[in-house]
Each structure stands twice: as structure tokens, then as C-alpha cells.
>>> print(open('upload-v7.tsv').read())   # TSV, C-alpha atoms
chain	number	residue	atom	x	y	z
A	1	ASN	CA	-57.33	-11.64	-19.62
A	2	SER	CA	-60.44	-13.83	-20.16
A	3	SER	CA	-62.92	-10.94	-20.43
A	4	VAL	CA	-64.31	-9.39	-23.61
A	5	CYS	CA	-66.60	-6.87	-21.95
A	6	ILE	CA	-68.57	-5.93	-18.88
A	7	THR	CA	-71.84	-7.86	-19.17
A	8	ASN	CA	-75.36	-6.47	-19.12
A	9	ASP	CA	-75.45	-7.49	-15.44
A	10	ASN	CA	-72.37	-5.29	-14.80
A	11	GLU	CA	-70.10	-8.32	-14.25
A	12	ILE	CA	-66.83	-9.35	-15.87
A	13	LEU	CA	-67.42	-11.83	-18.69
A	14	THR	CA	-66.08	-15.33	-17.96
A	15	GLU	CA	-64.60	-17.78	-20.46
A	16	ARG	CA	-67.61	-20.08	-20.13
A	17	GLN	CA	-69.96	-17.28	-21.19
A	18	LYS	CA	-68.30	-16.86	-24.57
A	19	CYS	CA	-70.06	-18.45	-27.57
A	20	ASP	CA	-72.70	-20.19	-25.39
A	21	GLY	CA	-75.67	-18.93	-27.42
A	22	ILE	CA	-76.57	-16.21	-24.86
A	23	VAL	CA	-75.72	-12.57	-25.52
A	24	ASP	CA	-74.03	-11.07	-22.44
A	25	CYS	CA	-72.18	-8.06	-23.91
A	26	PRO	CA	-74.18	-4.96	-24.90
A	27	ASP	CA	-72.72	-5.04	-28.42
A	28	ARG	CA	-73.04	-8.87	-28.72
A	29	GLU	CA	-69.22	-9.14	-28.90
A	30	ASP	CA	-69.24	-12.35	-26.80
A	31	GLU	CA	-71.36	-14.12	-29.47
A	32	SER	CA	-69.84	-12.61	-32.61
A	33	PHE	CA	-68.88	-14.63	-35.67
A	34	GLU	CA	-65.29	-13.36	-35.42
A	35	LEU	CA	-64.96	-14.78	-31.89
A	36	CYS	CA	-66.95	-17.99	-32.30
A	37	TYR	CA	-66.27	-19.30	-35.81
A	38	ALA	CA	-63.11	-21.16	-34.72
A	39	LYS	CA	-64.57	-22.54	-31.49
A	40	GLU	CA	-64.77	-26.33	-31.30
A	41	CYS	CA	-68.07	-27.68	-29.99
A	42	ASN	CA	-68.20	-30.86	-27.92
A	43	ILE	CA	-69.59	-34.05	-29.44
A	44	ASP	CA	-72.90	-33.64	-27.57
A	45	GLN	CA	-73.36	-30.01	-28.64
A	46	TYR	CA	-75.03	-28.26	-31.61
A	47	ARG	CA	-73.19	-25.49	-33.45
A	48	CYS	CA	-75.26	-22.36	-34.05
A	49	PHE	CA	-74.93	-20.84	-37.51
A	50	TYR	CA	-72.68	-18.05	-36.21
A	51	GLY	CA	-70.42	-20.57	-34.36
A	52	GLY	CA	-71.73	-20.72	-30.79
A	53	CYS	CA	-72.31	-24.07	-29.03
A	54	ILE	CA	-75.43	-25.27	-27.18
A	55	ASP	CA	-76.63	-28.62	-25.84
A	56	GLU	CA	-77.90	-30.76	-28.73
A	57	ASN	CA	-81.06	-31.57	-26.73
A	58	LEU	CA	-82.11	-27.93	-27.06
A	59	ILE	CA	-82.55	-28.15	-30.83
A	60	CYS	CA	-86.11	-27.74	-32.15
A	61	ASP	CA	-87.66	-27.42	-28.68
A	62	GLU	CA	-89.71	-24.38	-29.82
A	63	LYS	CA	-87.49	-22.09	-27.74
A	64	PRO	CA	-84.53	-20.29	-29.34
A	65	ASP	CA	-81.27	-21.02	-27.51
A	66	CYS	CA	-78.90	-19.58	-30.14
A	67	TRP	CA	-79.19	-15.78	-30.28
A	68	ASP	CA	-79.63	-16.07	-34.09
A	69	GLU	CA	-82.41	-18.67	-33.50
A	70	SER	CA	-80.65	-21.10	-35.87
A	71	ASP	CA	-81.44	-23.98	-33.48
A	72	GLU	CA	-85.17	-23.56	-34.29
A	73	LYS	CA	-84.87	-23.42	-38.08
A	74	ASN	CA	-85.54	-26.36	-40.39
A	75	CYS	CA	-87.52	-28.12	-37.68
A	76	GLU	CA	-90.39	-29.39	-39.86
A	77	ASP	CA	-91.64	-32.79	-38.72
A	78	SER	CA	-89.45	-32.43	-35.64
A	79	VAL	CA	-86.30	-33.30	-37.61
A	80	LYS	CA	-83.18	-32.21	-35.75
A	81	PHE	CA	-80.11	-31.31	-37.74
A	82	ILE	CA	-77.10	-32.10	-35.56
A	83	TRP	CA	-73.51	-31.12	-36.28
A	84	HIS	CA	-71.88	-34.59	-36.43
A	85	ILE	CA	-68.16	-35.20	-35.91
A	86	ASN	CA	-66.64	-38.62	-36.53
A	87	VAL	CA	-64.62	-39.95	-33.61
A	88	CYS	CA	-63.13	-43.25	-32.46
A	89	LEU	CA	-63.63	-44.42	-28.89
A	90	LEU	CA	-60.47	-45.37	-27.00
A	91	SER	CA	-62.20	-48.36	-25.41
A	92	ASP	CA	-60.34	-49.84	-22.44
A	93	THR	CA	-61.73	-51.69	-19.41
A	94	THR	CA	-58.48	-51.31	-17.43
A	95	ASN	CA	-58.42	-47.48	-17.60
A	96	LEU	CA	-54.68	-47.74	-18.22
A	97	LEU	CA	-54.53	-47.15	-22.00
A	98	VAL	CA	-52.98	-43.88	-23.20
A	99	ALA	CA	-52.96	-42.59	-26.80
A	100	GLU	CA	-50.61	-39.79	-27.84
A	101	ASP	CA	-50.94	-37.67	-30.97
A	102	PHE	CA	-47.40	-36.33	-31.43
A	103	THR	CA	-48.48	-34.10	-34.32
A	104	THR	CA	-50.65	-31.87	-32.10
A	105	GLY	CA	-49.16	-32.84	-28.72
A	106	THR	CA	-52.55	-34.13	-27.52
A	107	THR	CA	-52.84	-37.03	-25.04
A	108	TYR	CA	-56.02	-39.12	-24.81
A	109	ARG	CA	-56.90	-41.30	-21.81
A	110	SER	CA	-58.93	-44.51	-21.66
A	111	ASN	CA	-62.46	-44.26	-23.14
A	112	ALA	CA	-61.81	-40.80	-24.62
A	113	SER	CA	-63.03	-39.79	-28.09
A	114	VAL	CA	-60.25	-39.44	-30.66
A	115	PRO	CA	-61.06	-37.25	-33.73
A	116	ASP	CA	-61.25	-38.68	-37.24
A	117	ARG	CA	-57.93	-39.00	-39.15
A	118	THR	CA	-55.85	-38.86	-35.98
A	119	GLN	CA	-52.79	-41.10	-35.80
A	120	VAL	CA	-51.81	-42.12	-32.28
A	121	GLN	CA	-49.11	-44.05	-30.45
A	122	LEU	CA	-50.42	-46.29	-27.66
A	123	ARG	CA	-48.91	-47.18	-24.30
A	124	CYS	CA	-50.03	-48.51	-20.93
A	125	THR	CA	-49.41	-47.38	-17.37
A	126	LYS	CA	-49.01	-49.15	-14.01
A	127	ASP	CA	-46.92	-52.23	-14.85
A	128	HIS	CA	-49.02	-53.19	-17.89
A	129	SER	CA	-47.85	-53.71	-21.46
A	130	ILE	CA	-49.43	-53.28	-24.87
A	131	SER	CA	-50.91	-56.36	-26.52
A	132	GLY	CA	-51.41	-55.50	-30.19
A	133	SER	CA	-50.28	-52.72	-32.49
A	134	VAL	CA	-48.68	-49.74	-30.71
A	135	SER	CA	-49.73	-47.43	-33.58
A	136	ASN	CA	-53.26	-46.85	-34.89
A	137	VAL	CA	-55.33	-44.42	-36.98
A	138	CYS	CA	-58.93	-43.25	-36.53
A	139	ASP	CA	-60.75	-43.80	-39.86
A	140	GLY	CA	-64.16	-42.16	-39.65
A	141	ASP	CA	-65.74	-43.70	-36.56
A	142	HIS	CA	-63.63	-46.86	-36.29
A	143	TRP	CA	-59.97	-47.79	-35.80
A	144	ARG	CA	-57.97	-48.87	-38.84
A	145	PHE	CA	-56.50	-51.79	-36.86
A	146	GLN	CA	-57.89	-53.71	-33.94
A	147	LEU	CA	-57.35	-51.56	-30.86
A	148	ALA	CA	-54.55	-52.82	-28.61
A	149	GLU	CA	-55.19	-53.84	-25.01
A	150	CYS	CA	-53.33	-53.35	-21.76
A	151	VAL	CA	-52.28	-56.65	-20.19
A	152	PRO	CA	-50.58	-57.30	-16.81
A	153	GLN	CA	-46.87	-57.97	-16.46
A	154	CYS	CA	-44.91	-59.77	-13.76
A	155	GLN	CA	-42.38	-57.96	-11.58
A	156	HIS	CA	-38.71	-58.91	-11.72
A	157	PHE	CA	-37.87	-61.92	-9.55
A	158	ALA	CA	-34.36	-62.63	-8.27
A	159	SER	CA	-32.57	-64.19	-5.31
A	160	LEU	CA	-28.91	-64.62	-4.37
A	161	ASP	CA	-29.61	-68.36	-4.06
A	162	TYR	CA	-30.81	-68.76	-7.64
A	163	SER	CA	-29.64	-68.55	-11.24
A	164	SER	CA	-32.40	-68.20	-13.80
A	165	GLN	CA	-33.02	-68.44	-17.55
A	166	CYS	CA	-36.15	-66.91	-19.07
A	167	SER	CA	-38.02	-67.54	-22.32
A	168	HIS	CA	-41.14	-66.10	-23.94
A	169	ASN	CA	-42.86	-67.68	-26.94
A	170	LYS	CA	-39.93	-70.14	-27.09
A	171	HIS	CA	-37.39	-67.29	-27.45
A	172	LEU	CA	-34.84	-66.47	-24.77
A	173	VAL	CA	-35.32	-63.14	-22.97
A	174	ASP	CA	-33.37	-61.27	-20.32
A	175	CYS	CA	-34.39	-62.37	-16.81
A	176	ASP	CA	-33.07	-59.10	-15.39
A	177	LYS	CA	-35.81	-56.99	-17.03
A	178	ILE	CA	-37.95	-55.08	-14.52
A	179	LEU	CA	-41.20	-56.39	-16.06
A	180	HIS	CA	-42.03	-59.62	-17.89
A	181	PRO	CA	-45.02	-60.25	-20.20
A	182	VAL	CA	-47.66	-62.87	-19.47
A	183	GLY	CA	-46.45	-66.34	-20.53
A	184	THR	CA	-42.79	-65.80	-19.62
A	185	ARG	CA	-41.20	-69.01	-18.29
A	186	MET	CA	-38.35	-68.84	-15.77
A	187	ASN	CA	-36.16	-71.93	-15.26
A	188	ILE	CA	-34.41	-71.73	-11.88
A	189	THR	CA	-31.31	-73.52	-10.56
A	190	CYS	CA	-28.97	-72.92	-7.63
A	191	ALA	CA	-26.56	-70.04	-8.15
A	192	PRO	CA	-22.76	-70.48	-8.16
A	193	GLY	CA	-21.64	-70.88	-4.55
A	194	PHE	CA	-24.81	-72.80	-3.67
A	195	VAL	CA	-25.73	-76.48	-3.93
A	196	GLN	CA	-29.16	-78.06	-4.06
A	197	LYS	CA	-30.35	-79.91	-0.99
A	198	GLY	CA	-31.63	-83.48	-1.31
A	199	GLN	CA	-31.39	-86.01	-4.11
A	200	SER	CA	-33.48	-84.15	-6.70
A	201	GLN	CA	-31.53	-81.99	-9.13
A	202	GLU	CA	-34.51	-80.84	-11.19
A	203	GLN	CA	-34.92	-77.22	-12.17
A	204	GLY	CA	-37.66	-75.11	-10.68
A	205	VAL	CA	-40.06	-73.37	-13.06
A	206	LYS	CA	-42.13	-70.20	-12.58
A	207	VAL	CA	-44.61	-68.86	-15.16
A	208	CYS	CA	-46.00	-65.32	-15.47
A	209	SER	CA	-49.79	-65.76	-15.21
A	210	GLN	CA	-52.67	-63.75	-16.71
A	211	ASN	CA	-53.13	-61.69	-13.54
A	212	GLY	CA	-49.51	-60.48	-13.53
A	213	SER	CA	-48.15	-62.79	-10.81
A	214	TRP	CA	-45.61	-65.61	-10.90
A	215	VAL	CA	-47.05	-69.14	-10.57
A	216	VAL	CA	-44.80	-72.04	-9.52
A	217	GLU	CA	-45.13	-74.79	-12.14
A	218	GLN	CA	-42.33	-76.96	-10.74
A	219	PRO	CA	-41.08	-76.58	-7.13
A	220	LEU	CA	-38.08	-74.29	-6.74
A	221	PRO	CA	-34.85	-75.94	-5.63
A	222	LYS	CA	-33.77	-75.59	-2.01
A	223	CYS	CA	-30.25	-74.20	-2.16
A	224	GLN	CA	-27.63	-73.98	0.58
A	225	SER	CA	-24.40	-72.00	0.45
A	226	ILE	CA	-21.04	-73.69	0.21
A	227	CYS	CA	-19.08	-72.55	3.27
A	228	GLY	CA	-15.73	-73.52	4.83
A	229	HIS	CA	-14.03	-75.09	1.82
A	230	TRP	CA	-13.25	-74.54	-1.84
A	231	LEU	CA	-15.31	-76.53	-4.29
A	232	ARG	CA	-13.33	-77.67	-7.32
A	233	THR	CA	-15.43	-76.90	-10.33
A	234	SER	CA	-15.09	-76.03	-14.01
A	235	ALA	CA	-17.10	-72.87	-13.49
A	236	PRO	CA	-15.22	-69.67	-14.44
A	237	ALA	CA	-13.98	-67.16	-11.91
A	238	PRO	CA	-16.43	-64.30	-11.23
A	239	TRP	CA	-14.36	-61.95	-13.40
A	240	GLU	CA	-14.30	-64.27	-16.43
A	241	VAL	CA	-16.69	-64.37	-19.38
A	242	SER	CA	-16.61	-65.98	-22.83
A	243	VAL	CA	-16.69	-64.29	-26.24
A	244	PHE	CA	-18.66	-66.07	-29.00
A	245	ARG	CA	-18.90	-65.26	-32.72
A	246	ARG	CA	-21.62	-66.08	-35.25
A	247	GLY	CA	-21.65	-66.54	-39.01
A	248	HIS	CA	-24.51	-66.38	-41.53
A	249	SER	CA	-26.69	-68.64	-39.36
A	250	PRO	CA	-27.63	-67.80	-35.73
A	251	VAL	CA	-25.06	-70.30	-34.38
A	252	PHE	CA	-22.44	-68.89	-32.01
A	253	ASN	CA	-19.02	-70.53	-31.60
A	254	PHE	CA	-16.54	-69.92	-28.80
A	255	VAL	CA	-13.69	-67.53	-29.70
A	256	CYS	CA	-11.85	-66.39	-26.56
A	257	PRO	CA	-12.16	-65.88	-22.81
A	258	ALA	CA	-12.30	-62.29	-21.54
A	259	THR	CA	-11.72	-60.50	-18.25
A	260	ILE	CA	-14.23	-58.04	-16.80
A	261	LEU	CA	-12.61	-54.65	-16.12
A	262	SER	CA	-15.83	-52.76	-15.35
A	263	PRO	CA	-19.59	-53.17	-16.00
A	264	TYR	CA	-19.01	-51.88	-19.55
A	265	PHE	CA	-15.46	-52.96	-20.51
A	266	LEU	CA	-13.79	-56.34	-21.11
A	267	LEU	CA	-10.17	-57.20	-21.87
A	268	THR	CA	-9.17	-60.03	-24.21
A	269	SER	CA	-6.50	-60.92	-26.76
A	270	GLU	CA	-6.20	-59.15	-30.11
A	271	HIS	CA	-5.88	-62.42	-32.01
A	272	CYS	CA	-9.53	-63.23	-31.19
A	273	PHE	CA	-10.61	-60.73	-33.86
A	274	ARG	CA	-8.23	-61.54	-36.72
A	275	ASN	CA	-10.47	-63.95	-38.61
A	276	THR	CA	-13.95	-63.16	-39.87
A	277	SER	CA	-16.82	-65.61	-40.12
A	278	ILE	CA	-18.46	-63.71	-43.00
A	279	ILE	CA	-16.18	-62.67	-45.89
A	280	SER	CA	-17.95	-59.37	-46.58
A	281	VAL	CA	-17.98	-58.29	-42.91
A	282	PRO	CA	-14.91	-57.02	-40.98
A	283	ALA	CA	-13.69	-59.28	-38.17
A	284	THR	CA	-14.15	-56.41	-35.69
A	285	GLU	CA	-17.85	-55.89	-36.48
A	286	PRO	CA	-19.59	-55.93	-33.02
A	287	VAL	CA	-22.80	-57.47	-34.40
A	288	LEU	CA	-20.93	-60.74	-35.01
A	289	TYR	CA	-20.15	-61.19	-31.31
A	290	THR	CA	-21.87	-61.82	-28.01
A	291	VAL	CA	-20.49	-62.02	-24.47
A	292	ALA	CA	-21.67	-64.97	-22.40
A	293	GLU	CA	-21.79	-65.53	-18.67
A	294	GLY	CA	-21.77	-69.23	-17.86
A	295	PRO	CA	-19.64	-72.36	-18.27
A	296	ARG	CA	-16.08	-71.71	-19.38
A	297	TYR	CA	-15.20	-72.60	-23.00
A	298	GLY	CA	-18.73	-73.81	-23.67
A	299	HIS	CA	-20.01	-75.53	-26.76
A	300	SER	CA	-21.62	-73.81	-29.73
A	301	PHE	CA	-25.22	-72.71	-29.28
A	302	ARG	CA	-28.16	-71.14	-31.11
A	303	THR	CA	-29.76	-68.00	-29.72
A	304	ASP	CA	-33.27	-69.25	-30.51
A	305	GLU	CA	-32.80	-72.39	-28.40
A	306	LEU	CA	-32.28	-72.94	-24.69
A	307	HIS	CA	-28.62	-72.72	-23.60
A	308	PRO	CA	-26.74	-72.27	-20.29
A	309	TYR	CA	-25.57	-68.70	-20.89
A	310	LYS	CA	-26.63	-65.20	-19.99
A	311	LEU	CA	-25.82	-63.07	-23.06
A	312	HIS	CA	-24.72	-59.45	-23.52
A	313	ASN	CA	-24.46	-57.47	-26.75
A	314	VAL	CA	-21.13	-55.99	-27.90
A	315	SER	CA	-21.24	-52.25	-28.59
A	316	VAL	CA	-17.72	-51.52	-29.92
A	317	ILE	CA	-14.35	-53.30	-30.23
A	318	TYR	CA	-11.11	-51.36	-29.60
A	319	ASN	CA	-7.64	-52.54	-30.66
A	320	VAL	CA	-5.36	-51.04	-28.00
A	321	THR	CA	-1.59	-51.22	-28.47
>>> encode(input="upload-v7.tsv", output="C-alpha cells")
Amino acid sequence: NSSVCITNDNEILTERQKCDGIVDCPDREDESFELCYAKECNIDQYRCFYGGCIDENLICDEKPDCWDESDEKNCEDSVKFIWHINVCLLSDTTNLLVAEDFTTGTTYRSNASVPDRTQVQLRCTKDHSISGSVSNVCDGDHWRFQLAECVPQCQHFASLDYSSQCSHNKHLVDCDKILHPVGTRMNITCAPGFVQKGQSQEQGVKVCSQNGSWVVEQPLPKCQSICGHWLRTSAPAPWEVSVFRRGHSPVFNFVCPATILSPYFLLTSEHCFRNTSIISVPATEPVLYTVAEGPRYGHSFRTDELHPYKLHNVSVIYNVT
């Protein structure tokens, strides 16, 4: 029930009529200190002494707008005393930036005013990603850290004809992600079961541009399927993958082949996990291992350098007897 009383005009009091500086109830209950002291005024409003809120432009205009006339006090030399609240502006030209205050459950949209001492987590909408710190704090009227921006991302690109390897800032990333940040490079070759037409065997290259679209830097290969005969190749069967193990340095060495049983389970020999590469770490510690799609029994590789594999993390290792 939003009413406090029946107004002097014999109408039901609305929520907007409470604490607006105008007395509507016969006993002034709609503008009482008990009702209005906890009310929050907007940034562009003046708080009357009893707690009501009026437009700040109405202060010292020689016409009382607060019922207690507090808006016309202390007006010597036309000085206006305004209730000032420090806020930080959530500046964003894309209108896609969202700030969330998990302490109060409040969500702020682009260009909103965030109260002083509020800590927020930032995110973007509509296929954009955060560039900058995802956490920030409003200190007075400015942000503690430079406010993050929303930048475009490129949609996932794939084709049955192609195999791809992606990198961002010279680090390998998963090409199968739905979205890729600006600057991602995708090296493209013909997929298993396809061969490249013509004499050129160069890789194609696509780069995620500033506007969130893929730009061809080197022409993509023209691939044709291999039909009607078996091609002898060293490539593994579709159900085969390789297990690699690392030591103290980020260098992975081949350990064993494995067979895919399902999207989440592999089968391999128990002897692959008898020896440890780090004395203080058990040989069955999943962090030591990675599963690689690619050439069978490949050479050692570093994860921070380009290599011919698509990698998968190991979650748990079971010894089944």
C-alpha cells in the first residue's frame, strides 16, 4: 500500500508525493521527519532540513519550496548551499559497460553515477570484452584505477575444410572459443582428409581486427577432399591422441598414445604414469600432463611457442584394474 493518507484534495496519496516538499496530508504525515529522514535525494536535488527532496534550482529563489522553508535560509549574497554527494561516472561510449556491486546487489549501466566508496565488478555485453581491470573502486569523485573499456571481439570461425591454430599476444589460445579478442591471429591449413590445391603450401592467416571482424592477412588455402582412395600418412587415426608430460620448465615430452572412449574419457597404459618428472610431485598429478591432438608421437614442445597440436587439460587420472 503506497498511501499514507487521503490528501487535502480528497485523493489517495501517491509514492511520488511523499517527501517532495509539499504538504498533502492534513497532519503533514507525508512530509514528516520520521518518513523522510532516510530518503535518498537524487544528485540534482536539494535536501530540505527535515529530509524532503526538491530540485536544486529552486534553492534561494525567494519562494519557499520546502514546507519548513529551509531552501530559503542562509541565502545572503545569493549563495546556494547544495547537498553534495560524491559519485564516479561510469563513462562508456559503447553503452555496453555494466558495473555490479555485489555487496548491495545494485547494477549500474553505462554513464550511470556510482556512489563514493562503492566497489564494482565490470563486464560488457553484446560480444564485447573488457579491456582493463575488471574490478574498480569509486574514491570520492574519481575511479581508483583507470576505468576499463568495452572492445569488440571476433566470432568463432571454423570450417570442415580447415585446421586452425590461434595465438594472442604470442601465446597460444583455443581456436574453438566462441569469441576472440582483438589481435588474435589464426593460422589455417587444410584439415585431415583434405589436400591443398595448387603448388603453394603456405598457411592462410586471419587476424581479429579492431571492429570485431576477421581480416585475411594471407590468402586461405583452397582445400579439396580426398575421395576414392586411402592416403598413406603418419597422421593418427581419429580416435587416437597423445599424452605429454612436463617437468619444472614448460617443456612437454611425449609419454604415451591414448584412445578416445568419449568426449571426456581416454584409455591408455598404466605404465605411462609410473615415473614422475618432478621428485616432489606424484606421477599421477594431472597438472603435469596434457592431451594433444595432432601428429602421432610428436616431438617435445613448449606451450608458449607455436606447435602443431591442439591441447586439452587433464582433470583426473584413474588407475583401473
>>> atom_distance(input="upload-v7.tsv", atom1="CA of Asn74 in chain A", atom2="CA of Phe33 in chain A")
20.9 Å
>>> residues_around(input="upload-v7.tsv", residues="Asp139 in chain A", least_positions_apart="2", cutoff="8 Å", atoms="only C-alpha atoms", output="ChimeraX atom specification")
/A:88,116-118,137,141-144
>>> axis_aligned_box(input="upload-v7.tsv", around="range 310-320 of chain A", padding_each_side="5 Å", output="JSON")
{"center_x": -16.0, "center_y": -58.1, "center_z": -25.3, "size_x": 31.3, "size_y": 24.2, "size_z": 20.7}
>>> residues_around(input="upload-v7.tsv", residues="Glu305 in chain A", least_positions_apart="3", cutoff="8 Å", atoms="only C-alpha atoms", output="PyMOL selection string")
chain A and resi 170-172+301-302
>>> residues_near_point(input="upload-v7.tsv", point="(-25.4, -77.1, -2.0)", cutoff="7 Å", atoms="all atoms listed in the file", output="compact mmCIF listing (two decimals) with C-alpha atoms, keeping the file's coordinate frame")
# COMPACT_ATOMS: atom_id res chain seq x y z
CA PHE A 194 -24.81 -72.80 -3.67
CA VAL A 195 -25.73 -76.48 -3.93
CA GLN A 196 -29.16 -78.06 -4.06
CA LYS A 197 -30.35 -79.91 -0.99
CA CYS A 223 -30.25 -74.20 -2.16
CA GLN A 224 -27.63 -73.98 0.58
CA SER A 225 -24.40 -72.00 0.45
CA ILE A 226 -21.04 -73.69 0.21
>>> closest_atom_pairs(input="upload-v7.tsv", of="range 68-122 of chain A", to="range 133-136 of chain A", cutoff="8 Å", atoms="only C-alpha atoms", output="tab-separated table")
residue	atom	partner	partner_atom	distance
A:Gln119	CA	A:Asn136	CA	5.8
A:Val120	CA	A:Asn136	CA	5.6
A:Gln121	CA	A:Ser135	CA	4.6
A:Leu122	CA	A:Val134	CA	4.9
>>> residues_around(input="upload-v7.tsv", residues="Ile54 in chain A", least_positions_apart="2", cutoff="10 Å", atoms="only C-alpha atoms", output="PyMOL selection string")
chain A and resi 19-22+41-42+44-48+51-52+56-59+65-66+71
>>> atom_distance(input="upload-v7.tsv", atom1="CA of Tyr108 in chain A", atom2="CA of Leu90 in chain A")
8.0 Å
>>> atom_distance(input="upload-v7.tsv", atom1="CA of Ile85 in chain A", atom2="CA of Lys18 in chain A")
21.6 Å
>>> closest_residue(input="upload-v7.tsv", among="A:Ser200, A:Leu96, A:Leu35, A:Ile178", to="Glu15 in chain A", atoms="only C-alpha atoms")
A:Leu35
>>> closest_residue(input="upload-v7.tsv", among="A:Ile278, A:Ile6, A:Val314, A:Cys124", to="Asp27 in chain A", atoms="only C-alpha atoms")
A:Ile6
>>> residues_around(input="upload-v7.tsv", residues="Cys150 in chain A", least_positions_apart="3", cutoff="9 Å", atoms="all atoms listed in the file", output="MDAnalysis selection string")
chainID A and resid 92:97 123:125 128:132
>>> residues_around(input="upload-v7.tsv", residues="range 255-260 of chain A", least_positions_apart="6", cutoff="6 Å", atoms="all atoms listed in the file", output="PyMOL selection string")
chain A and resi 239-244+266-268
>>> closest_residue(input="upload-v7.tsv", among="A:Glu29, A:Asp161, A:Leu261, A:Val151", to="Gln210 in chain A", atoms="all atoms listed in the file")
A:Val151
>>> closest_residue(input="upload-v7.tsv", among="A:Leu160, A:Leu89, A:Pro181, A:Glu100", to="Cys138 in chain A", atoms="all atoms listed in the file")
A:Leu89
>>> closest_residue(input="upload-v7.tsv", among="A:Ser32, A:Gln218, A:Gln165, A:Asn211", to="Leu311 in chain A", atoms="all atoms listed in the file")
A:Gln165
